[in-house]
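Q: So here's my_file_17.pdb (PDB, C-alpha atoms).
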MODEL        1
ATOM      1  CA  MET W   1      79.417  37.725  25.608
ATOM      2  CA  ARG W   2      79.701  39.812  22.447
ATOM      3  CA  ARG W   3      81.570  38.214  19.540
ATOM      4  CA  VAL W   4      82.541  40.111  16.402
ATOM      5  CA  VAL W   5      83.425  38.285  13.174
ATOM      6  CA  PHE W   6      85.905  40.490  11.333
ATOM      7  CA  ASN W   7      88.016  40.425   8.210
ATOM      8  CA  GLN W   8      88.754  43.345   5.911
ATOM      9  CA  LYS W   9      88.720  41.005   2.903
ATOM     10  CA  GLY W  10      85.393  40.279   1.259
ATOM     11  CA  GLY W  11      84.096  36.813   0.451
ATOM     12  CA  VAL W  12      85.637  35.020   3.431
ATOM     13  CA  GLY W  13      82.321  33.956   4.957
ATOM     14  CA  LYS W  14      81.767  36.447   7.780
ATOM     15  CA  SER W  15      77.972  36.536   7.472
ATOM     16  CA  THR W  16      77.712  32.776   7.011
ATOM     17  CA  ILE W  17      79.779  32.159  10.141
ATOM     18  CA  VAL W  18      77.844  34.734  12.181
ATOM     19  CA  CYS W  19      74.437  33.339  11.243
ATOM     20  CA  ASN W  20      75.279  29.667  11.586
ATOM     21  CA  LEU W  21      77.007  30.022  14.952
ATOM     22  CA  ALA W  22      74.188  32.257  16.190
ATOM     23  CA  ALA W  23      71.595  29.723  15.022
ATOM     24  CA  ILE W  24      73.372  26.945  16.924
ATOM     25  CA  SER W  25      73.580  29.163  19.999
ATOM     26  CA  ALA W  26      69.836  29.835  19.849
ATOM     27  CA  ALA W  27      69.047  26.162  19.219
ATOM     28  CA  ARG W  28      71.021  25.324  22.373
ATOM     29  CA  GLY W  29      68.741  27.632  24.350
ATOM     30  CA  ALA W  30      70.784  30.846  24.607
ATOM     31  CA  ARG W  31      68.956  34.123  23.959
ATOM     32  CA  THR W  32      70.948  35.220  20.928
ATOM     33  CA  LEU W  33      71.145  38.498  19.017
ATOM     34  CA  VAL W  34      72.767  39.112  15.614
ATOM     35  CA  VAL W  35      73.832  42.697  14.890
ATOM     36  CA  ASP W  36      74.283  43.282  11.156
ATOM     37  CA  LEU W  37      76.683  46.186  10.582
ATOM     38  CA  ASP W  38      77.326  45.415   6.920
ATOM     39  CA  PRO W  39      75.419  47.669   4.478
ATOM     40  CA  GLN W  40      75.168  44.656   2.170
ATOM     41  CA  GLY W  41      72.805  43.147   4.739
ATOM     42  CA  ASN W  42      73.797  39.540   4.088
ATOM     43  CA  SER W  43      73.103  38.381   7.639
ATOM     44  CA  SER W  44      69.726  40.120   7.565
ATOM     45  CA  GLN W  45      68.792  38.407   4.312
ATOM     46  CA  TYR W  46      70.056  35.038   5.532
ATOM     47  CA  LEU W  47      67.945  35.109   8.705
ATOM     48  CA  LEU W  48      64.881  37.033   7.523
ATOM     49  CA  GLY W  49      64.789  36.327   3.780
ATOM     50  CA  PRO W  50      65.573  38.939   1.087
ATOM     51  CA  GLU W  51      62.016  40.221   0.771
ATOM     52  CA  ASN W  52      61.475  40.575   4.518
ATOM     53  CA  ALA W  53      64.867  42.221   5.045
ATOM     54  CA  ALA W  54      64.435  44.804   2.270
ATOM     55  CA  ASN W  55      62.247  47.336   4.065
ATOM     56  CA  VAL W  56      62.586  46.668   7.805
ATOM     57  CA  GLN W  57      63.896  49.242  10.244
ATOM     58  CA  GLY W  58      67.118  48.398  12.000
ATOM     59  CA  ILE W  59      70.662  49.627  12.547
ATOM     60  CA  THR W  60      70.248  52.414   9.959
ATOM     61  CA  GLU W  61      67.384  53.948  11.947
ATOM     62  CA  PHE W  62      69.260  53.504  15.217
ATOM     63  CA  PHE W  63      72.230  55.537  13.950
ATOM     64  CA  ASP W  64      70.031  57.988  12.019
ATOM     65  CA  GLN W  65      67.916  58.894  15.047
ATOM     66  CA  MET W  66      71.028  59.120  17.168
ATOM     67  CA  LEU W  67      72.356  61.767  14.819
ATOM     68  CA  ALA W  68      69.054  63.628  14.751
ATOM     69  CA  TYR W  69      67.848  63.376  18.328
ATOM     70  CA  SER W  70      70.755  62.213  20.489
ATOM     71  CA  LEU W  71      68.978  58.868  20.855
ATOM     72  CA  LYS W  72      69.339  57.220  24.236
ATOM     73  CA  SER W  73      71.133  53.893  24.156
ATOM     74  CA  LYS W  74      68.266  51.892  25.666
ATOM     75  CA  MET W  75      66.114  52.619  22.597
ATOM     76  CA  ILE W  76      68.128  50.279  20.374
ATOM     77  CA  ALA W  77      65.718  47.527  21.459
ATOM     78  CA  GLN W  78      62.915  48.980  19.331
ATOM     79  CA  PHE W  79      64.846  48.153  16.161
ATOM     80  CA  ILE W  80      65.506  44.500  17.030
ATOM     81  CA  LEU W  81      63.362  41.929  15.219
ATOM     82  CA  PRO W  82      62.595  38.265  15.907
ATOM     83  CA  THR W  83      63.692  35.726  13.305
ATOM     84  CA  PRO W  84      61.716  32.573  12.435
ATOM     85  CA  TYR W  85      63.951  30.686  14.902
ATOM     86  CA  GLU W  86      63.306  30.460  18.630
ATOM     87  CA  ASN W  87      65.693  32.491  20.817
ATOM     88  CA  LEU W  88      67.238  34.211  17.769
ATOM     89  CA  SER W  89      66.757  37.935  17.060
ATOM     90  CA  ILE W  90      68.461  40.375  14.699
ATOM     91  CA  LEU W  91      69.243  44.070  14.462
ATOM     92  CA  PRO W  92      69.057  44.205  10.659
ATOM     93  CA  SER W  93      70.929  46.299   8.121
ATOM     94  CA  ARG W  94      70.192  47.801   4.706
ATOM     95  CA  HIS W  95      72.338  49.316   1.950
ATOM     96  CA  ASP W  96      71.507  52.892   3.018
ATOM     97  CA  LEU W  97      73.501  52.419   6.238
ATOM     98  CA  GLU W  98      76.658  53.293   4.315
ATOM     99  CA  ALA W  99      75.435  56.847   3.648
ATOM    100  CA  LEU W 100      75.575  57.622   7.383
ATOM    101  CA  GLN W 101      79.228  56.793   7.846
ATOM    102  CA  THR W 102      80.719  60.256   7.249
ATOM    103  CA  LYS W 103      78.194  61.965   9.531
ATOM    104  CA  LEU W 104      78.769  59.436  12.317
ATOM    105  CA  GLU W 105      82.534  59.858  12.071
ATOM    106  CA  ALA W 106      82.229  63.651  12.160
ATOM    107  CA  LYS W 107      80.145  63.538  15.334
ATOM    108  CA  HIS W 108      82.405  61.005  17.089
ATOM    109  CA  LYS W 109      79.698  58.375  17.631
ATOM    110  CA  ILE W 110      82.189  55.502  17.748
ATOM    111  CA  TYR W 111      81.206  54.319  21.253
ATOM    112  CA  LYS W 112      77.434  54.494  20.839
ATOM    113  CA  LEU W 113      76.919  50.895  19.719
ATOM    114  CA  ARG W 114      78.943  49.612  22.684
ATOM    115  CA  ASP W 115      76.926  51.733  25.096
ATOM    116  CA  ALA W 116      73.606  50.640  23.578
ATOM    117  CA  LEU W 117      74.428  46.929  23.594
ATOM    118  CA  GLY W 118      75.754  47.203  27.134
ATOM    119  CA  LYS W 119      72.290  48.170  28.325
ATOM    120  CA  LEU W 120      70.533  45.225  26.688
ATOM    121  CA  ASP W 121      70.069  42.557  29.338
ATOM    122  CA  GLU W 122      67.615  40.315  27.473
ATOM    123  CA  TYR W 123      70.322  38.505  25.460
ATOM    124  CA  ASP W 124      72.915  35.991  26.588
ATOM    125  CA  VAL W 125      75.029  36.195  23.438
ATOM    126  CA  VAL W 126      75.557  38.829  20.730
ATOM    127  CA  TYR W 127      77.134  38.109  17.326
ATOM    128  CA  ILE W 128      78.246  41.118  15.262
ATOM    129  CA  ASP W 129      78.696  40.954  11.494
ATOM    130  CA  THR W 130      80.997  43.547   9.902
ATOM    131  CA  PRO W 131      81.581  45.001   6.424
ATOM    132  CA  PRO W 132      84.684  44.010   4.380
ATOM    133  CA  ALA W 133      86.524  47.214   5.322
ATOM    134  CA  PHE W 134      88.194  48.810   8.312
ATOM    135  CA  ASN W 135      85.745  51.685   8.676
ATOM    136  CA  PHE W 136      83.467  53.354  11.246
ATOM    137  CA  PHE W 137      81.124  50.372  11.471
ATOM    138  CA  THR W 138      83.916  47.839  11.876
ATOM    139  CA  LEU W 139      85.581  50.006  14.509
ATOM    140  CA  SER W 140      82.255  50.353  16.347
ATOM    141  CA  ALA W 141      81.904  46.554  16.328
ATOM    142  CA  LEU W 142      85.417  45.947  17.653
ATOM    143  CA  ILE W 143      84.880  48.472  20.430
ATOM    144  CA  ALA W 144      81.524  46.888  21.329
ATOM    145  CA  ALA W 145      82.784  43.280  21.407
ATOM    146  CA  ASP W 146      84.827  41.352  23.924
ATOM    147  CA  ARG W 147      86.107  38.708  21.508
ATOM    148  CA  CYS W 148      86.979  38.536  17.816
ATOM    149  CA  LEU W 149      86.803  35.691  15.311
ATOM    150  CA  ILE W 150      88.807  36.029  12.101
ATOM    151  CA  PRO W 151      87.658  33.992   9.062
ATOM    152  CA  PHE W 152      90.490  32.862   6.793
ATOM    153  CA  ASP W 153      90.041  31.214   3.396
ATOM    154  CA  CYS W 154      93.483  29.726   2.776
ATOM    155  CA  ASP W 155      94.864  31.756  -0.097
ATOM    156  CA  ASP W 156      97.999  33.864  -0.325
ATOM    157  CA  PHE W 157      96.134  37.193  -0.527
ATOM    158  CA  SER W 158      94.251  36.357   2.666
ATOM    159  CA  ARG W 159      97.482  35.421   4.388
ATOM    160  CA  ARG W 160      99.143  38.716   3.498
ATOM    161  CA  ALA W 161      96.136  40.638   4.783
ATOM    162  CA  LEU W 162      95.948  38.603   7.993
ATOM    163  CA  TYR W 163      98.968  40.214   9.648
ATOM    164  CA  GLN W 164      97.657  43.746   9.098
ATOM    165  CA  LEU W 165      94.250  42.653  10.342
ATOM    166  CA  ILE W 166      95.690  41.323  13.601
ATOM    167  CA  GLU W 167      97.653  44.558  14.025
ATOM    168  CA  ASN W 168      94.427  46.527  13.613
ATOM    169  CA  VAL W 169      92.726  44.461  16.321
ATOM    170  CA  GLN W 170      95.687  44.967  18.639
ATOM    171  CA  GLU W 171      95.526  48.714  18.027
ATOM    172  CA  ILE W 172      91.849  48.702  19.021
ATOM    173  CA  GLN W 173      92.785  46.784  22.166
ATOM    174  CA  ASP W 174      95.425  49.346  23.077
ATOM    175  CA  ASP W 175      93.479  52.495  22.227
ATOM    176  CA  HIS W 176      89.802  51.716  22.795
ATOM    177  CA  ASN W 177      88.898  48.292  24.171
ATOM    178  CA  PRO W 178      91.303  46.405  26.461
ATOM    179  CA  GLU W 179      88.661  43.686  26.966
ATOM    180  CA  LEU W 180      88.845  42.627  23.300
ATOM    181  CA  TRP W 181      90.828  39.489  22.463
ATOM    182  CA  VAL W 182      91.343  37.436  19.329
ATOM    183  CA  GLU W 183      89.444  34.258  20.036
ATOM    184  CA  GLY W 184      90.809  32.483  17.004
ATOM    185  CA  ILE W 185      91.262  32.212  13.256
ATOM    186  CA  VAL W 186      88.509  30.196  11.543
ATOM    187  CA  ILE W 187      89.713  28.191   8.564
ATOM    188  CA  ASN W 188      86.836  28.500   6.106
ATOM    189  CA  GLN W 189      86.119  26.909   2.713
ATOM    190  CA  PHE W 190      88.838  24.360   3.478
ATOM    191  CA  GLN W 191      89.741  21.805   0.798
ATOM    192  CA  ALA W 192      91.353  18.873   2.564
ATOM    193  CA  ARG W 193      92.604  17.192  -0.620
ATOM    194  CA  ALA W 194      94.433  20.280  -1.929
ATOM    195  CA  ASN W 195      98.054  20.854  -0.950
ATOM    196  CA  LEU W 196      98.060  24.668  -0.766
ATOM    197  CA  PRO W 197      95.379  25.122   1.930
ATOM    198  CA  GLN W 198      96.976  22.584   4.262
ATOM    199  CA  ARG W 199     100.444  24.060   3.745
ATOM    200  CA  VAL W 200      99.215  27.601   4.441
ATOM    201  CA  VAL W 201      97.387  26.499   7.589
ATOM    202  CA  ASP W 202     100.408  24.545   8.839
ATOM    203  CA  GLU W 203     102.585  27.622   8.377
ATOM    204  CA  LEU W 204     100.149  29.809  10.311
ATOM    205  CA  ILE W 205     100.183  27.306  13.166
ATOM    206  CA  GLU W 206     104.002  27.184  13.105
ATOM    207  CA  GLU W 207     104.034  30.970  13.406
ATOM    208  CA  GLY W 208     102.043  30.680  16.630
ATOM    209  CA  LEU W 209      98.840  32.243  15.318
ATOM    210  CA  PRO W 210      95.623  31.156  17.110
ATOM    211  CA  VAL W 211      94.230  28.831  14.433
ATOM    212  CA  LEU W 212      91.138  27.003  15.667
ATOM    213  CA  GLN W 213      91.088  23.227  15.302
ATOM    214  CA  SER W 214      87.611  23.030  13.739
ATOM    215  CA  TYR W 215      87.804  23.739  10.002
ATOM    216  CA  LEU W 216      84.824  24.572   7.771
ATOM    217  CA  SER W 217      84.698  22.830   4.397
ATOM    218  CA  ALA W 218      83.669  24.313   1.078
ATOM    219  CA  SER W 219      80.210  23.038   0.116
ATOM    220  CA  VAL W 220      77.427  23.890  -2.316
ATOM    221  CA  ARG W 221      75.038  23.067   0.525
ATOM    222  CA  ILE W 222      75.984  26.355   2.204
ATOM    223  CA  ARG W 223      74.974  28.289  -0.915
ATOM    224  CA  GLU W 224      71.700  26.392  -0.973
ATOM    225  CA  SER W 225      71.046  27.367   2.636
ATOM    226  CA  HIS W 226      71.702  30.999   1.655
ATOM    227  CA  GLU W 227      69.180  30.706  -1.165
ATOM    228  CA  GLN W 228      66.543  29.292   1.190
ATOM    229  CA  SER W 229      67.463  31.726   4.019
ATOM    230  CA  ILE W 230      67.779  28.846   6.476
ATOM    231  CA  PRO W 231      70.917  28.315   8.617
ATOM    232  CA  MET W 232      72.491  24.877   8.305
ATOM    233  CA  ILE W 233      71.406  23.605  11.740
ATOM    234  CA  HIS W 234      67.813  23.892  10.513
ATOM    235  CA  PHE W 235      68.385  23.358   6.790
ATOM    236  CA  ASP W 236      70.377  20.096   6.920
ATOM    237  CA  PRO W 237      71.238  19.120  10.511
ATOM    238  CA  ARG W 238      73.169  15.961   9.557
ATOM    239  CA  HIS W 239      75.302  17.441   6.786
ATOM    240  CA  LYS W 240      79.078  17.388   7.181
ATOM    241  CA  VAL W 241      79.321  21.192   7.171
ATOM    242  CA  THR W 242      76.632  21.448   9.850
ATOM    243  CA  GLU W 243      78.630  19.051  11.992
ATOM    244  CA  GLU W 244      81.719  21.210  11.397
ATOM    245  CA  TYR W 245      79.847  24.306  12.562
ATOM    246  CA  VAL W 246      78.684  22.466  15.670
ATOM    247  CA  ALA W 247      82.285  21.366  16.349
ATOM    248  CA  LEU W 248      83.455  24.982  15.939
ATOM    249  CA  PHE W 249      80.726  26.201  18.280
ATOM    250  CA  ASP W 250      81.694  23.622  20.903
ATOM    251  CA  GLU W 251      85.392  24.499  20.574
ATOM    252  CA  LEU W 252      84.581  28.169  21.171
ATOM    253  CA  GLN W 253      82.463  27.216  24.189
ATOM    254  CA  ARG W 254      85.430  25.349  25.679
ATOM    255  CA  LYS W 255      87.713  28.332  25.077
ATOM    256  CA  ARG W 256      85.108  30.592  26.679
ATOM    257  CA  ARG W 257      85.058  28.527  29.861
ATOM    258  CA  LYS W 258      88.875  28.529  30.028
ATOM    259  CA  LYS W 259      88.981  32.305  29.528
TER     260      LYS W 259
ENDMDL
END
Translate this file's structure into structure tokens.

A:
Amino acid sequence: MRRVVFNQKGGVGKSTIVCNLAAISAARGARTLVVDLDPQGNSSQYLLGPENAANVQGITEFFDQMLAYSLKSKMIAQFILPTPYENLSILPSRHDLEALQTKLEAKHKIYKLRDALGKLDEYDVVYIDTPPAFNFFTLSALIAADRCLIPFDCDDFSRRALYQLIENVQEIQDDHNPELWVEGIVINQFQARANLPQRVVDELIEEGLPVLQSYLSASVRIRESHEQSIPMIHFDPRHKVTEEYVALFDELQRKRRKK
């Protein structure tokens, strides 16, 4: 199973969702890989720590050597690193990944990530983090994945962007990846006592959009876990937000079995 977390809008919690769901997956015993395709490298910093993530080789070198030497897909494994957490590995990213985008587009390398991940048999689950843009790296992720999670943070700008985002995913399904499906919309940074978030979510549900039942609350504890580079399942296992992430993980597991 390869799950991409995608939204063209920044600040909706893509990296936080990727890392916390992946950490739960690994804690449950699944051999789990995070692929960081965002040049900001937030997932890499979250799982490795900022200092450790700054100079490691990863997805940049994978794409760079592919351009230079027609790298064989099986060699992606040499750029994957263990994290401090059992069963959890990462293909990290750095800011210089962005400089490769034009060259990769020119040489039509859009299927290379899919091909490389398809030959990795040492992982049960792959989570793919994406940049806040619909670009080469996002397209590569959507082509490589078989399911898509869409974070949504309950404001009007996010709602307007959501319809175009779903159209983009459907276009990828039609043109490149018929196996891809929208697994659900994740309500993130939810404020239960505010009227606007609940009204917006209710309207999305009325429109028939696949809103997941497990909402993620806004909490300073998440920012603290970022600062410490420790996912919530390890940072504060009994916190309300941790329990919400576990509920989301379990909901996705049930949907997976039904699918």

Q: Find, counting all atoms listed in the file, the residue in W:Asn195, W:Gln164, W:Asn87, W:Asn42 that gets nearest to His226 in chain W.

A: W:Asn42

Q: Please write the residues picked by the PyMOL selection byres ((chain W and resi 127) around 12) on this file as a compact mmCIF listing (two decimals) with C-alpha atoms, keeping the file's coordinate frame.

A:
# COMPACT_ATOMS: atom_id res chain seq x y z
CA MET W 1 79.42 37.72 25.61
CA ARG W 2 79.70 39.81 22.45
CA ARG W 3 81.57 38.21 19.54
CA VAL W 4 82.54 40.11 16.40
CA VAL W 5 83.42 38.28 13.17
CA PHE W 6 85.90 40.49 11.33
CA LYS W 14 81.77 36.45 7.78
CA SER W 15 77.97 36.54 7.47
CA THR W 16 77.71 32.78 7.01
CA ILE W 17 79.78 32.16 10.14
CA VAL W 18 77.84 34.73 12.18
CA CYS W 19 74.44 33.34 11.24
CA ASN W 20 75.28 29.67 11.59
CA LEU W 21 77.01 30.02 14.95
CA ALA W 22 74.19 32.26 16.19
CA ALA W 23 71.60 29.72 15.02
CA ILE W 24 73.37 26.94 16.92
CA SER W 25 73.58 29.16 20.00
CA ALA W 26 69.84 29.84 19.85
CA ARG W 31 68.96 34.12 23.96
CA THR W 32 70.95 35.22 20.93
CA LEU W 33 71.14 38.50 19.02
CA VAL W 34 72.77 39.11 15.61
CA VAL W 35 73.83 42.70 14.89
CA ASP W 36 74.28 43.28 11.16
CA LEU W 37 76.68 46.19 10.58
CA SER W 43 73.10 38.38 7.64
CA LEU W 88 67.24 34.21 17.77
CA SER W 89 66.76 37.94 17.06
CA ILE W 90 68.46 40.38 14.70
CA LEU W 91 69.24 44.07 14.46
CA LEU W 117 74.43 46.93 23.59
CA TYR W 123 70.32 38.51 25.46
CA ASP W 124 72.92 35.99 26.59
CA VAL W 125 75.03 36.20 23.44
CA VAL W 126 75.56 38.83 20.73
CA ILE W 128 78.25 41.12 15.26
CA ASP W 129 78.70 40.95 11.49
CA THR W 130 81.00 43.55 9.90
CA ALA W 141 81.90 46.55 16.33
CA LEU W 142 85.42 45.95 17.65
CA ALA W 144 81.52 46.89 21.33
CA ALA W 145 82.78 43.28 21.41
CA ASP W 146 84.83 41.35 23.92
CA ARG W 147 86.11 38.71 21.51
CA CYS W 148 86.98 38.54 17.82
CA LEU W 149 86.80 35.69 15.31

Q: Here is a test: counting all atoms listed in the file, which residue of W:Gly49, W:Pro197, W:Pro92, W:Pro210 is nearest to Gln228 in chain W?

A: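 The closest residue to Gln228 in chain W is W:Gly49.
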
Q: May I have the residues within 9 Å of Leu252 in chain W as a PyMOL selection string, using only C-alpha atoms and disregarding those fewer than 6 positions away in the same chain?

A: chain W and resi 183-184+212

Q: Here is a test: counting all atoms listed in the file, which residue of W:Glu224, W:Leu47, W:Asn7, W:Ala116 is nearest to Glu167 in chain W?

A: W:Asn7

Q: Using all atoms listed in the file, which of the listed residues (W:Gln213, W:Ile59, W:Ile166, W:Ile110) sits closest to Lys255 in chain W?

A: W:Gln213

Q: Can you tell me which residues surround Phe190 in chain W at a distance of at most 12 Å, considering only C-alpha atoms, apart from same-chain residues fewer than 6 positions away, and format the answer as an MDAnalysis selection string?

A: chainID W and resid 12:13 151:155 196:201 214:219 241 244

Q: Looking at all atoms listed in the file, which of W:Met232, W:Val211, W:Ala106, W:Ala133 is the one that sits closest to Gly11 in chain W?

A: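 Among W:Met232, W:Val211, W:Ala106, W:Ala133, it is W:Ala133 that comes nearest to Gly11 in chain W.
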
Q: Neighbours of Tyr111 in chain W within 12 Å (only C-alpha atoms; same-chain residues fewer than 5 positions away dropped), as an MDAnalysis selection string?

A: chainID W and resid 63 66 73 104:105 116:118 136:145 176:177

Q: Closest to Gly41 in chain W among W:His108, W:Arg94, W:Arg223, W:Arg254, using only C-alpha atoms?

A: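 The closest residue to Gly41 in chain W is W:Arg94.
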
Q: Report the distance between CA of Asp38 in chain W and CA of Asp96 in chain W in Å, rounded to one decimal place.

A: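 For CA of Asp38 in chain W relative to CA of Asp96 in chain W, the distance reads 10.2 Å.
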
Q: When the PyMOL selection byres ((chain W and resi 55) around 12) is applied to the structure above, which residues does it catch, written out as a PyMOL selection string?

A: chain W and resi 41+44-45+48-54+56-58+60-61+92-96

Q: Keeping C-alpha atoms for every residue in the selection just given, could you write it to a file as an mmCIF file, in the coordinates of the input?

A:
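Once written, result-v5.cif looks like this:
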data_model
loop_
_atom_site.group_PDB
_atom_site.id
_atom_site.type_symbol
_atom_site.label_atom_id
_atom_site.label_comp_id
_atom_site.auth_asym_id
_atom_site.auth_seq_id
_atom_site.Cartn_x
_atom_site.Cartn_y
_atom_site.Cartn_z
ATOM 1 C CA GLY W 41 72.805 43.147 4.739
ATOM 2 C CA SER W 44 69.726 40.120 7.565
ATOM 3 C CA GLN W 45 68.792 38.407 4.312
ATOM 4 C CA LEU W 48 64.881 37.033 7.523
ATOM 5 C CA GLY W 49 64.789 36.327 3.780
ATOM 6 C CA PRO W 50 65.573 38.939 1.087
ATOM 7 C CA GLU W 51 62.016 40.221 0.771
ATOM 8 C CA ASN W 52 61.475 40.575 4.518
ATOM 9 C CA ALA W 53 64.867 42.221 5.045
ATOM 10 C CA ALA W 54 64.435 44.804 2.270
ATOM 11 C CA VAL W 56 62.586 46.668 7.805
ATOM 12 C CA GLN W 57 63.896 49.242 10.244
ATOM 13 C CA GLY W 58 67.118 48.398 12.000
ATOM 14 C CA THR W 60 70.248 52.414 9.959
ATOM 15 C CA GLU W 61 67.384 53.948 11.947
ATOM 16 C CA PRO W 92 69.057 44.205 10.659
ATOM 17 C CA SER W 93 70.929 46.299 8.121
ATOM 18 C CA ARG W 94 70.192 47.801 4.706
ATOM 19 C CA HIS W 95 72.338 49.316 1.950
ATOM 20 C CA ASP W 96 71.507 52.892 3.018
#

Q: Could N, CA and C atoms be built for range 45-63 of chain W and written out as a short mmCIF file (atom, residue, chain, number, x, y, z; two decimals), in the coordinates of the input?

A:
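Just written: out20.cif:
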data_model
loop_
_atom_site.label_atom_id
_atom_site.label_comp_id
_atom_site.auth_asym_id
_atom_site.auth_seq_id
_atom_site.Cartn_x
_atom_site.Cartn_y
_atom_site.Cartn_z
N GLN W 45 69.47 39.19 5.34
CA GLN W 45 68.79 38.41 4.31
C GLN W 45 68.83 36.92 4.62
N TYR W 46 69.92 36.46 5.20
CA TYR W 46 70.06 35.04 5.53
C TYR W 46 69.03 34.63 6.59
N LEU W 47 68.82 35.48 7.59
CA LEU W 47 67.94 35.11 8.70
C LEU W 47 66.49 35.53 8.51
N LEU W 48 66.25 36.55 7.71
CA LEU W 48 64.88 37.03 7.52
C LEU W 48 64.32 36.72 6.14
N GLY W 49 65.20 36.45 5.17
CA GLY W 49 64.79 36.33 3.78
C GLY W 49 64.94 37.66 3.08
N PRO W 50 65.33 37.67 1.81
CA PRO W 50 65.57 38.94 1.09
C PRO W 50 64.38 39.87 1.08
N GLU W 51 63.20 39.35 0.85
CA GLU W 51 62.02 40.22 0.77
C GLU W 51 61.69 40.84 2.12
N ASN W 52 61.78 40.06 3.19
CA ASN W 52 61.48 40.58 4.52
C ASN W 52 62.53 41.56 5.00
N ALA W 53 63.78 41.36 4.58
CA ALA W 53 64.87 42.22 5.04
C ALA W 53 64.93 43.55 4.30
N ALA W 54 64.26 43.65 3.16
CA ALA W 54 64.44 44.80 2.27
C ALA W 54 63.96 46.11 2.88
N ASN W 55 62.88 46.09 3.63
CA ASN W 55 62.25 47.34 4.07
C ASN W 55 62.12 47.49 5.58
N VAL W 56 62.73 46.59 6.35
CA VAL W 56 62.59 46.67 7.80
C VAL W 56 63.48 47.77 8.39
N GLN W 57 63.05 48.32 9.50
CA GLN W 57 63.90 49.24 10.24
C GLN W 57 64.93 48.45 11.04
N GLY W 58 66.07 49.10 11.29
CA GLY W 58 67.12 48.40 12.00
C GLY W 58 68.25 49.32 12.38
N ILE W 59 69.48 48.88 12.10
CA ILE W 59 70.66 49.63 12.55
C ILE W 59 70.74 50.99 11.87
N THR W 60 70.25 51.11 10.64
CA THR W 60 70.25 52.41 9.96
C THR W 60 69.44 53.43 10.75
N GLU W 61 68.24 53.03 11.19
CA GLU W 61 67.38 53.95 11.95
C GLU W 61 67.97 54.25 13.32
N PHE W 62 68.61 53.26 13.93
CA PHE W 62 69.26 53.50 15.22
C PHE W 62 70.29 54.62 15.09
N PHE W 63 71.20 54.51 14.13
CA PHE W 63 72.23 55.54 13.95
C PHE W 63 71.63 56.85 13.45
#
